[in-house]
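Colleague: The file below is entry-v1.pdb, PDB, C-alpha atoms and all ligand atoms:
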MODEL        1
ATOM      1  CA  THR A   1       2.755  16.429  16.796  1.00  0.00           C
ATOM      2  CA  VAL A   2       0.950  14.084  14.432  1.00  0.00           C
ATOM      3  CA  ARG A   3       2.765  10.744  14.174  1.00  0.00           C
ATOM      4  CA  ILE A   4       2.173   8.537  11.125  1.00  0.00           C
ATOM      5  CA  LYS A   5       3.806   5.111  10.934  1.00  0.00           C
ATOM      6  CA  VAL A   6       4.378   3.795   7.408  1.00  0.00           C
ATOM      7  CA  VAL A   7       4.799   0.017   7.455  1.00  0.00           C
ATOM      8  CA  ASN A   8       6.607  -1.679   4.581  1.00  0.00           C
ATOM      9  CA  PRO A   9       5.297  -5.243   4.879  1.00  0.00           C
ATOM     10  CA  ASN A  10       8.379  -6.712   3.222  1.00  0.00           C
ATOM     11  CA  THR A  11      11.784  -6.791   4.895  1.00  0.00           C
ATOM     12  CA  SER A  12      13.819  -4.928   2.255  1.00  0.00           C
ATOM     13  CA  ALA A  13      15.418  -1.827   3.774  1.00  0.00           C
ATOM     14  CA  ALA A  14      16.025  -0.144   0.404  1.00  0.00           C
ATOM     15  CA  MET A  15      12.294  -0.237  -0.316  1.00  0.00           C
ATOM     16  CA  THR A  16      11.550   1.103   3.162  1.00  0.00           C
ATOM     17  CA  ARG A  17      13.846   4.046   2.423  1.00  0.00           C
ATOM     18  CA  ASN A  18      12.115   4.641  -0.927  1.00  0.00           C
ATOM     19  CA  ILE A  19       8.727   4.494   0.790  1.00  0.00           C
ATOM     20  CA  HIS A  20       9.843   6.812   3.596  1.00  0.00           C
ATOM     21  CA  GLY A  21      10.994   9.395   1.051  1.00  0.00           C
ATOM     22  CA  ALA A  22       7.632   9.424  -0.722  1.00  0.00           C
ATOM     23  CA  ALA A  23       5.632   9.715   2.517  1.00  0.00           C
ATOM     24  CA  ARG A  24       7.927  12.393   3.923  1.00  0.00           C
ATOM     25  CA  ALA A  25       7.651  14.431   0.721  1.00  0.00           C
ATOM     26  CA  VAL A  26       3.896  14.921   1.075  1.00  0.00           C
ATOM     27  CA  ALA A  27       3.207  14.819   4.816  1.00  0.00           C
ATOM     28  CA  ALA A  28       2.582  18.099   6.625  1.00  0.00           C
ATOM     29  CA  PRO A  29       5.700  19.786   8.027  1.00  0.00           C
ATOM     30  CA  GLY A  30       4.589  19.193  11.623  1.00  0.00           C
ATOM     31  CA  THR A  31       3.914  15.513  11.037  1.00  0.00           C
ATOM     32  CA  THR A  32       6.431  12.856  12.025  1.00  0.00           C
ATOM     33  CA  ILE A  33       6.813  10.018   9.521  1.00  0.00           C
ATOM     34  CA  GLU A  34       8.263   6.764  10.870  1.00  0.00           C
ATOM     35  CA  ALA A  35       8.859   4.082   8.211  1.00  0.00           C
ATOM     36  CA  THR A  36       9.576   0.514   9.294  1.00  0.00           C
ATOM     37  CA  SER A  37       9.831  -3.054   8.054  1.00  0.00           C
ATOM     38  CA  PRO A  38       9.070  -6.080  10.231  1.00  0.00           C
ATOM     39  CA  ALA A  39      12.073  -8.084  11.466  1.00  0.00           C
ATOM     40  CA  MET A  40      10.356 -11.243  10.180  1.00  0.00           C
ATOM     41  CA  GLY A  41       8.751 -11.737   6.795  1.00  0.00           C
ATOM     42  CA  PRO A  42       9.296 -12.030   3.034  1.00  0.00           C
ATOM     43  CA  ALA A  43      11.982  -9.962   1.312  1.00  0.00           C
ATOM     44  CA  SER A  44       9.297  -8.954  -1.183  1.00  0.00           C
ATOM     45  CA  ILE A  45       5.620  -9.711  -1.768  1.00  0.00           C
ATOM     46  CA  GLU A  46       4.824 -11.188  -5.175  1.00  0.00           C
ATOM     47  CA  SER A  47       2.358 -13.984  -4.419  1.00  0.00           C
ATOM     48  CA  HIS A  48      -0.515 -14.897  -2.107  1.00  0.00           C
ATOM     49  CA  TYR A  49       1.996 -16.940  -0.099  1.00  0.00           C
ATOM     50  CA  ASP A  50       4.311 -13.933   0.400  1.00  0.00           C
ATOM     51  CA  GLU A  51       1.364 -11.784   1.327  1.00  0.00           C
ATOM     52  CA  ALA A  52       0.060 -14.259   3.924  1.00  0.00           C
ATOM     53  CA  LEU A  53       3.508 -14.582   5.473  1.00  0.00           C
ATOM     54  CA  SER A  54       3.876 -10.785   5.694  1.00  0.00           C
ATOM     55  CA  VAL A  55       0.834 -10.306   7.923  1.00  0.00           C
ATOM     56  CA  PRO A  56       2.256 -11.396  11.331  1.00  0.00           C
ATOM     57  CA  GLY A  57       5.104  -8.927  10.864  1.00  0.00           C
ATOM     58  CA  VAL A  58       2.701  -6.177   9.849  1.00  0.00           C
ATOM     59  CA  LEU A  59       0.618  -6.777  12.959  1.00  0.00           C
ATOM     60  CA  THR A  60       3.758  -6.723  15.126  1.00  0.00           C
ATOM     61  CA  GLU A  61       4.531  -3.259  13.733  1.00  0.00           C
ATOM     62  CA  ILE A  62       0.971  -2.045  14.339  1.00  0.00           C
ATOM     63  CA  ALA A  63       1.008  -3.376  17.928  1.00  0.00           C
ATOM     64  CA  ALA A  64       4.322  -1.583  18.558  1.00  0.00           C
ATOM     65  CA  GLY A  65       2.818   1.597  17.138  1.00  0.00           C
ATOM     66  CA  GLU A  66      -0.142   1.315  19.484  1.00  0.00           C
ATOM     67  CA  ARG A  67       2.191   0.981  22.453  1.00  0.00           C
ATOM     68  CA  SER A  68       4.083   4.107  21.398  1.00  0.00           C
ATOM     69  CA  GLY A  69       1.083   6.308  20.607  1.00  0.00           C
ATOM     70  CA  VAL A  70       1.115   6.430  16.803  1.00  0.00           C
ATOM     71  CA  ASP A  71      -1.819   8.427  15.385  1.00  0.00           C
ATOM     72  CA  GLY A  72      -2.298   6.579  12.090  1.00  0.00           C
ATOM     73  CA  TYR A  73      -0.781   3.971   9.786  1.00  0.00           C
ATOM     74  CA  VAL A  74      -0.029   3.377   6.117  1.00  0.00           C
ATOM     75  CA  LEU A  75       0.308  -0.209   4.819  1.00  0.00           C
ATOM     76  CA  ALA A  76       2.869   0.309   2.077  1.00  0.00           C
ATOM     77  CA  CYS A  77       2.370  -2.747  -0.100  1.00  0.00           C
ATOM     78  CA  PHE A  78      -0.048  -2.897  -3.027  1.00  0.00           C
ATOM     79  CA  GLY A  79      -1.745  -5.993  -1.649  1.00  0.00           C
ATOM     80  CA  ASP A  80      -2.825  -4.018   1.443  1.00  0.00           C
ATOM     81  CA  PRO A  81      -1.770  -7.056   3.524  1.00  0.00           C
ATOM     82  CA  GLY A  82      -3.436  -7.436   6.914  1.00  0.00           C
ATOM     83  CA  LEU A  83      -5.491  -4.264   6.456  1.00  0.00           C
ATOM     84  CA  ASP A  84      -8.595  -5.443   8.321  1.00  0.00           C
ATOM     85  CA  ALA A  85      -6.585  -7.056  11.150  1.00  0.00           C
ATOM     86  CA  ALA A  86      -4.487  -3.897  11.448  1.00  0.00           C
ATOM     87  CA  ARG A  87      -7.681  -1.844  11.809  1.00  0.00           C
ATOM     88  CA  GLU A  88      -8.761  -4.093  14.694  1.00  0.00           C
ATOM     89  CA  LEU A  89      -5.489  -3.392  16.513  1.00  0.00           C
ATOM     90  CA  ALA A  90      -5.249   0.307  15.675  1.00  0.00           C
ATOM     91  CA  THR A  91      -6.965   3.163  17.447  1.00  0.00           C
ATOM     92  CA  GLY A  92      -6.239   5.598  14.626  1.00  0.00           C
ATOM     93  CA  PRO A  93      -6.859   5.219  10.889  1.00  0.00           C
ATOM     94  CA  VAL A  94      -5.105   2.532   8.799  1.00  0.00           C
ATOM     95  CA  VAL A  95      -4.948   3.073   5.029  1.00  0.00           C
ATOM     96  CA  GLY A  96      -3.443   0.725   2.438  1.00  0.00           C
ATOM     97  CA  ILE A  97      -1.669   2.088  -0.625  1.00  0.00           C
ATOM     98  CA  ALA A  98      -3.879   0.170  -3.056  1.00  0.00           C
ATOM     99  CA  GLU A  99      -7.093   1.472  -1.527  1.00  0.00           C
ATOM    100  CA  ALA A 100      -5.775   5.025  -1.355  1.00  0.00           C
ATOM    101  CA  ALA A 101      -4.398   5.003  -4.907  1.00  0.00           C
ATOM    102  CA  MET A 102      -7.541   3.517  -6.441  1.00  0.00           C
ATOM    103  CA  ARG A 103      -9.863   5.890  -4.609  1.00  0.00           C
ATOM    104  CA  THR A 104      -7.660   8.863  -5.503  1.00  0.00           C
ATOM    105  CA  ALA A 105      -7.773   7.896  -9.183  1.00  0.00           C
ATOM    106  CA  THR A 106     -11.576   8.053  -9.154  1.00  0.00           C
ATOM    107  CA  TYR A 107     -11.447  11.815  -8.478  1.00  0.00           C
ATOM    108  CA  LEU A 108      -9.481  12.418 -11.688  1.00  0.00           C
ATOM    109  CA  GLY A 109     -11.431  10.754 -14.480  1.00  0.00           C
ATOM    110  CA  ARG A 110     -13.952   8.129 -15.413  1.00  0.00           C
ATOM    111  CA  THR A 111     -11.524   5.192 -15.391  1.00  0.00           C
ATOM    112  CA  PHE A 112      -8.075   4.233 -14.156  1.00  0.00           C
ATOM    113  CA  THR A 113      -5.693   1.448 -15.128  1.00  0.00           C
ATOM    114  CA  VAL A 114      -3.290  -0.372 -12.795  1.00  0.00           C
ATOM    115  CA  VAL A 115       0.283  -1.387 -13.643  1.00  0.00           C
ATOM    116  CA  THR A 116       1.686  -3.899 -11.191  1.00  0.00           C
ATOM    117  CA  THR A 117       4.945  -5.885 -11.043  1.00  0.00           C
ATOM    118  CA  LEU A 118       4.418  -9.543 -11.989  1.00  0.00           C
ATOM    119  CA  ALA A 119       1.451 -10.819 -13.992  1.00  0.00           C
ATOM    120  CA  ARG A 120       0.541 -13.188 -11.165  1.00  0.00           C
ATOM    121  CA  THR A 121      -0.282 -10.244  -8.863  1.00  0.00           C
ATOM    122  CA  ARG A 122      -2.923  -8.844 -11.241  1.00  0.00           C
ATOM    123  CA  GLY A 123      -5.732 -10.931  -9.751  1.00  0.00           C
ATOM    124  CA  ARG A 124      -5.055  -9.498  -6.328  1.00  0.00           C
ATOM    125  CA  ALA A 125      -5.435  -5.979  -7.704  1.00  0.00           C
ATOM    126  CA  TRP A 126      -8.807  -6.937  -9.199  1.00  0.00           C
ATOM    127  CA  ASP A 127      -9.836  -8.482  -5.861  1.00  0.00           C
ATOM    128  CA  LEU A 128      -8.947  -5.248  -4.085  1.00  0.00           C
ATOM    129  CA  ALA A 129     -10.848  -3.108  -6.620  1.00  0.00           C
ATOM    130  CA  GLU A 130     -13.851  -5.335  -5.919  1.00  0.00           C
ATOM    131  CA  ARG A 131     -13.334  -5.114  -2.142  1.00  0.00           C
ATOM    132  CA  TYR A 132     -13.156  -1.306  -2.337  1.00  0.00           C
ATOM    133  CA  GLY A 133     -16.153  -0.982  -4.632  1.00  0.00           C
ATOM    134  CA  VAL A 134     -14.232   0.661  -7.468  1.00  0.00           C
ATOM    135  CA  THR A 135     -14.393  -2.135 -10.054  1.00  0.00           C
ATOM    136  CA  LYS A 136     -16.537   0.016 -12.352  1.00  0.00           C
ATOM    137  CA  PHE A 137     -13.774   2.646 -12.407  1.00  0.00           C
ATOM    138  CA  CYS A 138     -10.994   0.113 -12.991  1.00  0.00           C
ATOM    139  CA  ALA A 139     -10.560  -0.295 -16.732  1.00  0.00           C
ATOM    140  CA  GLY A 140      -7.744  -2.832 -16.498  1.00  0.00           C
ATOM    141  CA  VAL A 141      -4.823  -4.305 -14.579  1.00  0.00           C
ATOM    142  CA  HIS A 142      -1.486  -4.802 -16.359  1.00  0.00           C
ATOM    143  CA  ASP A 143       2.055  -5.686 -15.355  1.00  0.00           C
ATOM    144  CA  VAL A 144       5.565  -4.499 -16.182  1.00  0.00           C
ATOM    145  CA  ASP A 145       6.965  -8.004 -15.613  1.00  0.00           C
ATOM    146  CA  ILE A 146       9.748  -6.850 -13.296  1.00  0.00           C
ATOM    147  CA  PRO A 147      10.183  -8.610  -9.922  1.00  0.00           C
ATOM    148  CA  VAL A 148       9.702  -6.245  -6.975  1.00  0.00           C
ATOM    149  CA  LEU A 149      13.328  -6.260  -5.817  1.00  0.00           C
ATOM    150  CA  GLU A 150      14.605  -5.692  -9.357  1.00  0.00           C
ATOM    151  CA  LEU A 151      12.693  -2.427  -9.768  1.00  0.00           C
ATOM    152  CA  ASP A 152      15.597  -0.468  -8.320  1.00  0.00           C
ATOM    153  CA  GLN A 153      18.252  -2.782  -9.821  1.00  0.00           C
ATOM    154  CA  ASP A 154      17.241  -2.877 -13.464  1.00  0.00           C
ATOM    155  CA  PRO A 155      18.676   0.178 -15.318  1.00  0.00           C
ATOM    156  CA  ASP A 156      15.795  -0.112 -17.782  1.00  0.00           C
ATOM    157  CA  THR A 157      13.034   0.026 -15.153  1.00  0.00           C
ATOM    158  CA  LEU A 158      11.930   3.577 -15.977  1.00  0.00           C
ATOM    159  CA  ARG A 159      11.799   2.851 -19.716  1.00  0.00           C
ATOM    160  CA  LYS A 160       9.976  -0.450 -19.214  1.00  0.00           C
ATOM    161  CA  LEU A 161       7.521   1.068 -16.753  1.00  0.00           C
ATOM    162  CA  THR A 162       6.880   4.083 -18.992  1.00  0.00           C
ATOM    163  CA  GLU A 163       6.113   1.744 -21.890  1.00  0.00           C
ATOM    164  CA  ALA A 164       3.925  -0.513 -19.751  1.00  0.00           C
ATOM    165  CA  CYS A 165       1.955   2.467 -18.426  1.00  0.00           C
ATOM    166  CA  ALA A 166       1.580   4.012 -21.890  1.00  0.00           C
ATOM    167  CA  SER A 167       0.261   0.785 -23.394  1.00  0.00           C
ATOM    168  CA  ALA A 168      -2.038   0.194 -20.396  1.00  0.00           C
ATOM    169  CA  ILE A 169      -3.523   3.689 -20.762  1.00  0.00           C
ATOM    170  CA  ALA A 170      -3.998   3.163 -24.504  1.00  0.00           C
ATOM    171  CA  ALA A 171      -5.408  -0.356 -24.189  1.00  0.00           C
ATOM    172  CA  ASP A 172      -7.897   0.711 -21.532  1.00  0.00           C
ATOM    173  CA  ASP A 173      -8.494   4.261 -22.768  1.00  0.00           C
ATOM    174  CA  ALA A 174      -7.906   5.128 -19.101  1.00  0.00           C
ATOM    175  CA  ASP A 175      -7.836   8.635 -17.620  1.00  0.00           C
ATOM    176  CA  ALA A 176      -5.229   7.806 -14.945  1.00  0.00           C
ATOM    177  CA  VAL A 177      -2.695   5.148 -14.041  1.00  0.00           C
ATOM    178  CA  VAL A 178      -2.227   3.619 -10.583  1.00  0.00           C
ATOM    179  CA  LEU A 179       1.270   2.355  -9.726  1.00  0.00           C
ATOM    180  CA  GLY A 180       0.848  -1.188  -8.443  1.00  0.00           C
ATOM    181  CA  CYS A 181       3.878  -1.397  -6.182  1.00  0.00           C
ATOM    182  CA  ALA A 182       5.347   0.684  -3.366  1.00  0.00           C
ATOM    183  CA  GLY A 183       8.709   0.182  -5.031  1.00  0.00           C
ATOM    184  CA  MET A 184       7.548   2.397  -7.907  1.00  0.00           C
ATOM    185  CA  ALA A 185       7.038   5.411  -5.594  1.00  0.00           C
ATOM    186  CA  ASP A 186      10.305   7.124  -6.518  1.00  0.00           C
ATOM    187  CA  LEU A 187       9.463   6.896 -10.238  1.00  0.00           C
ATOM    188  CA  CYS A 188       6.118   8.699  -9.992  1.00  0.00           C
ATOM    189  CA  ALA A 189       7.413  12.159 -10.979  1.00  0.00           C
ATOM    190  CA  ASP A 190       9.377  10.877 -13.984  1.00  0.00           C
ATOM    191  CA  LEU A 191       6.431   8.779 -15.148  1.00  0.00           C
ATOM    192  CA  THR A 192       4.085  11.756 -14.827  1.00  0.00           C
ATOM    193  CA  LYS A 193       6.409  13.844 -17.022  1.00  0.00           C
ATOM    194  CA  ALA A 194       6.774  11.079 -19.592  1.00  0.00           C
ATOM    195  CA  LEU A 195       3.109  10.078 -19.790  1.00  0.00           C
ATOM    196  CA  GLY A 196       1.252  13.380 -19.482  1.00  0.00           C
ATOM    197  CA  VAL A 197      -1.593  11.733 -17.545  1.00  0.00           C
ATOM    198  CA  PRO A 198      -2.270  11.531 -13.797  1.00  0.00           C
ATOM    199  CA  VAL A 199       0.021   8.886 -12.266  1.00  0.00           C
ATOM    200  CA  ILE A 200      -0.932   7.929  -8.713  1.00  0.00           C
ATOM    201  CA  ASP A 201       1.603   6.611  -6.207  1.00  0.00           C
ATOM    202  CA  GLY A 202      -0.247   4.882  -3.394  1.00  0.00           C
ATOM    203  CA  VAL A 203       2.392   5.750  -0.769  1.00  0.00           C
ATOM    204  CA  ARG A 204       1.780   9.474  -1.255  1.00  0.00           C
ATOM    205  CA  ALA A 205      -1.995   8.972  -1.583  1.00  0.00           C
ATOM    206  CA  ALA A 206      -2.250   6.845   1.572  1.00  0.00           C
ATOM    207  CA  THR A 207      -0.018   9.129   3.628  1.00  0.00           C
ATOM    208  CA  LEU A 208      -2.172  12.137   2.740  1.00  0.00           C
ATOM    209  CA  GLN A 209      -5.340  10.164   3.373  1.00  0.00           C
ATOM    210  CA  VAL A 210      -4.149   9.273   6.889  1.00  0.00           C
ATOM    211  CA  GLN A 211      -3.047  12.890   7.412  1.00  0.00           C
ATOM    212  CA  SER A 212      -6.463  14.201   6.408  1.00  0.00           C
ATOM    213  CA  LEU A 213      -8.369  11.693   8.550  1.00  0.00           C
ATOM    214  CA  ILE A 214      -6.286  12.717  11.558  1.00  0.00           C
ATOM    215  CA  THR A 215      -6.825  16.398  10.725  1.00  0.00           C
ATOM    216  CA  MET A 216     -10.586  15.730  10.703  1.00  0.00           C
ATOM    217  CA  ALA A 217     -10.196  13.901  14.054  1.00  0.00           C
ATOM    218  CA  LEU A 218     -11.566  10.772  12.350  1.00  0.00           C
ATOM    219  CA  ALA A 219     -10.415   7.319  13.432  1.00  0.00           C
ATOM    220  CA  THR A 220     -11.327   3.671  13.002  1.00  0.00           C
ATOM    221  CA  ASP A 221     -14.687   2.913  14.584  1.00  0.00           C
ATOM    222  CA  LYS A 222     -14.015   0.484  17.465  1.00  0.00           C
ATOM    223  CA  ARG A 223     -17.627  -0.501  18.227  1.00  0.00           C
ATOM    224  CA  GLY A 224     -18.167  -3.194  15.589  1.00  0.00           C
ATOM    225  CA  GLU A 225     -16.109  -5.160  13.107  1.00  0.00           C
ATOM    226  CA  TYR A 226     -12.891  -3.309  13.919  1.00  0.00           C
ATOM    227  CA  ALA A 227     -13.180  -3.583  17.697  1.00  0.00           C
ATOM    228  CA  LYS A 228     -10.123  -4.985  19.477  1.00  0.00           C
ATOM    229  CA  PRO A 229      -9.894  -8.759  18.830  1.00  0.00           C
ATOM    230  CA  PRO A 230     -11.364 -11.020  21.562  1.00  0.00           C
ATOM    231  CA  ALA A 231      -8.838 -12.360  24.094  1.00  0.00           C
ATOM    232  CA  LYS A 232      -7.404 -15.776  23.269  1.00  0.00           C
ATOM    233  CA  ALA A 233      -4.223 -17.841  23.287  1.00  0.00           C
ATOM    234  CA  TYR A 234      -1.839 -17.858  20.271  1.00  0.00           C
ATOM    235  CA  SER A 235       0.642 -20.735  20.246  1.00  0.00           C
ATOM    236  CA  GLY A 236       3.846 -21.911  18.584  1.00  0.00           C
ATOM    237  CA  LEU A 237       5.583 -19.324  16.420  1.00  0.00           C
ATOM    238  CA  LEU A 238       2.763 -16.914  17.199  1.00  0.00           C
ATOM    239  CA  SER A 239       3.166 -17.191  20.970  1.00  0.00           C
ATOM    240  CA  THR A 240       4.732 -13.717  21.020  1.00  0.00           C
ATOM    241  CA  PHE A 241       1.306 -12.419  19.979  1.00  0.00           C
ATOM    242  CA  THR A 242      -0.992 -11.424  22.799  1.00  0.00           C
ATOM    243  CA  SER A 243      -4.545 -10.211  22.678  1.00  0.00           C
ATOM    244  CA  PRO A 244      -4.292  -6.415  22.621  1.00  0.00           C
TER
HETATM  245  N1  LIG B   1       2.262  -5.640  -6.631  1.00  0.00           N
HETATM  246  C1  LIG B   1       3.347  -5.741  -5.862  1.00  0.00           C
HETATM  247  O1  LIG B   1       4.304  -6.372  -6.203  1.00  0.00           O
HETATM  248  N2  LIG B   1       3.346  -5.077  -4.654  1.00  0.00           N
HETATM  249  C2  LIG B   1       4.351  -5.103  -3.733  1.00  0.00           C
HETATM  250  N3  LIG B   1       5.158  -6.081  -3.368  1.00  0.00           N
HETATM  251  C3  LIG B   1       5.977  -5.626  -2.367  1.00  0.00           C
HETATM  252  O2  LIG B   1       6.842  -6.264  -1.791  1.00  0.00           O
HETATM  253  N4  LIG B   1       5.658  -4.344  -2.103  1.00  0.00           N
HETATM  254  C4  LIG B   1       4.648  -3.973  -2.929  1.00  0.00           C
HETATM  255  O3  LIG B   1       4.079  -2.889  -2.980  1.00  0.00           O
ENDMDL
END
Spit out the file's structure as structure tokens when you get a sec.
Modeller:
Amino acid sequence: TVRIKVVNPNTSAAMTRNIHGAARAVAAPGTTIEATSPAMGPASIESHYDEALSVPGVLTEIAAGERSGVDGYVLACFGDPGLDAARELATGPVVGIAEAAMRTATYLGRTFTVVTTLARTRGRAWDLAERYGVTKFCAGVHDVDIPVLELDQDPDTLRKLTEACASAIAADDADAVVLGCAGMADLCADLTKALGVPVIDGVRAATLQVQSLITMALATDKRGEYAKPPAKAYSGLLSTFTSP
């Protein structure tokens, strides 16, 4: 059986359930989907500070997955936190939802637009588009101005997000819209109906990307940059970390 571990880098169980549902919905019937949150970390990720503090927990989850024989991983936060470090620890493929969603959008049209949560996270989305070499396809990055943990609290989230996506598509004349938060995963179908354009949820895109890499027997290359990290001591709060 193929085992994919979907890591929610924040510690909010409701989001982990939302994320699990999206991954489970698209994964192959014979594939096991395990969705987890770290025990330590930020309740949500809405700043560089939150993102930095989420990485030790992410790496703890990856290390646990390696010990239990997981075949591949999804990083289910739109900042793709700890992606490169996770690839050093992992034997199998590691795919972040931002990378997967952006790359998926490029198959569907000339340009895509991104709608993220808070305005302050827009720069990170641009940085990731640059890192992934898709800046020329990214027509814009916008926000819905809803904090991550309020997405499933605010009764007006679907209306606000529909409006934000519609105006982003119009402003950028974009062919597709990328949802800039894992917490939007459960709204993808409704948004698709309302907008009439391709709406990409990175949780589904990343899960299927990991599934296809495993199906092609492709895994992270361990000879160079993503080789296991060199042995060394980690002290203080990080003393539970060992060289893999
Ligand atoms: N742009 C975002 O707000 N992304 C996210 N923050 C989280 O806590 N999870 C996300 O996907």
Colleague: Residues picked by the PyMOL selection byres (((not hetatm)) within 9 of (chain B and resi 1)) here, as an NGL selection string?
Modeller: :A and (8-12 or 15 or 42-47 or 50-51 or 76-80 or 97-98 or 115-118 or 120-122 or 124-125 or 143 or 146-149 or 179-184 or 202)
Colleague: Return as a PyMOL selection string the set of residues that the PyMOL selection byres (((chain A and resi 153-167) around 9) and not hetatm) yields on the displayed structure.
Modeller: chain A and resi 113-115+142-146+149-152+168-172+177-179+184+187+190-191+194-195
Colleague: Grab the CA of Arg67 in chain A to CA of Ile19 in chain A distance for me, in Å with one decimal place.
Modeller: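 Atom-to-atom, CA of Arg67 in chain A to CA of Ile19 in chain A, that is 22.9 Å.
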Colleague: With only C-alpha atoms as the counted atoms, please give the residues lying no more than 8 Å from Ala139 in chain A, apart from itself and same-chain residues fewer than 3 positions off, as a PDB file with C-alpha atoms, keeping the file's coordinate frame.
Modeller:
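Output (selection25.pdb):
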ATOM      1  CA  THR A 111     -11.524   5.192 -15.391  1.00  0.00           C
ATOM      2  CA  PHE A 112      -8.075   4.233 -14.156  1.00  0.00           C
ATOM      3  CA  THR A 113      -5.693   1.448 -15.128  1.00  0.00           C
ATOM      4  CA  THR A 135     -14.393  -2.135 -10.054  1.00  0.00           C
ATOM      5  CA  LYS A 136     -16.537   0.016 -12.352  1.00  0.00           C
ATOM      6  CA  ASP A 172      -7.897   0.711 -21.532  1.00  0.00           C
ATOM      7  CA  ASP A 173      -8.494   4.261 -22.768  1.00  0.00           C
ATOM      8  CA  ALA A 174      -7.906   5.128 -19.101  1.00  0.00           C
TER       9      ALA A 174
END
Colleague: Centre and edge lengths of an axis-aligned box around all listed atoms of range 140-158 of chain A, with 3 Å added on each side, are to be given in Å to one decimal, as JSON.
Modeller:
{"center_x": 5.5, "center_y": -2.5, "center_z": -11.8, "size_x": 32.4, "size_y": 18.2, "size_z": 18.0}
Colleague: Using only C-alpha atoms, which residue out of A:Val95, A:Ala64, A:Ala52, A:Leu83 lies closest to Thr207 in chain A?
Modeller: A:Val95
Colleague: Find, counting only C-alpha atoms, the residue in A:Glu130, A:Glu66, A:Glu61, A:Asp201 that gets nearest to Ser37 in chain A.
Modeller: A:Glu61
Colleague: May I have the residues within 10 Å of Thr220 in chain A as a ChimeraX atom specification, using all atoms listed in the file and disregarding those fewer than 4 positions away in the same chain?
Modeller: /A:72,87-94,213,226-227
Colleague: Check the smallest atom-to-atom distance from each of A:Ala13, A:Ala63, A:Ala25, A:Ala39 to Lys228 in chain A using only C-alpha atoms, then report the winner.
Modeller: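 Closest to Lys228 in chain A of all the choices is A:Ala63.
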Colleague: I want to know what sits within 12 Å of Val210 in chain A, based on all atoms listed in the file, with residues of the same chain fewer than 5 positions away left out; could you give that as a PyMOL selection string?
Modeller: chain A and resi 2-6+23+26-28+31+33+70-75+92-97+99-100+202-205+215-220
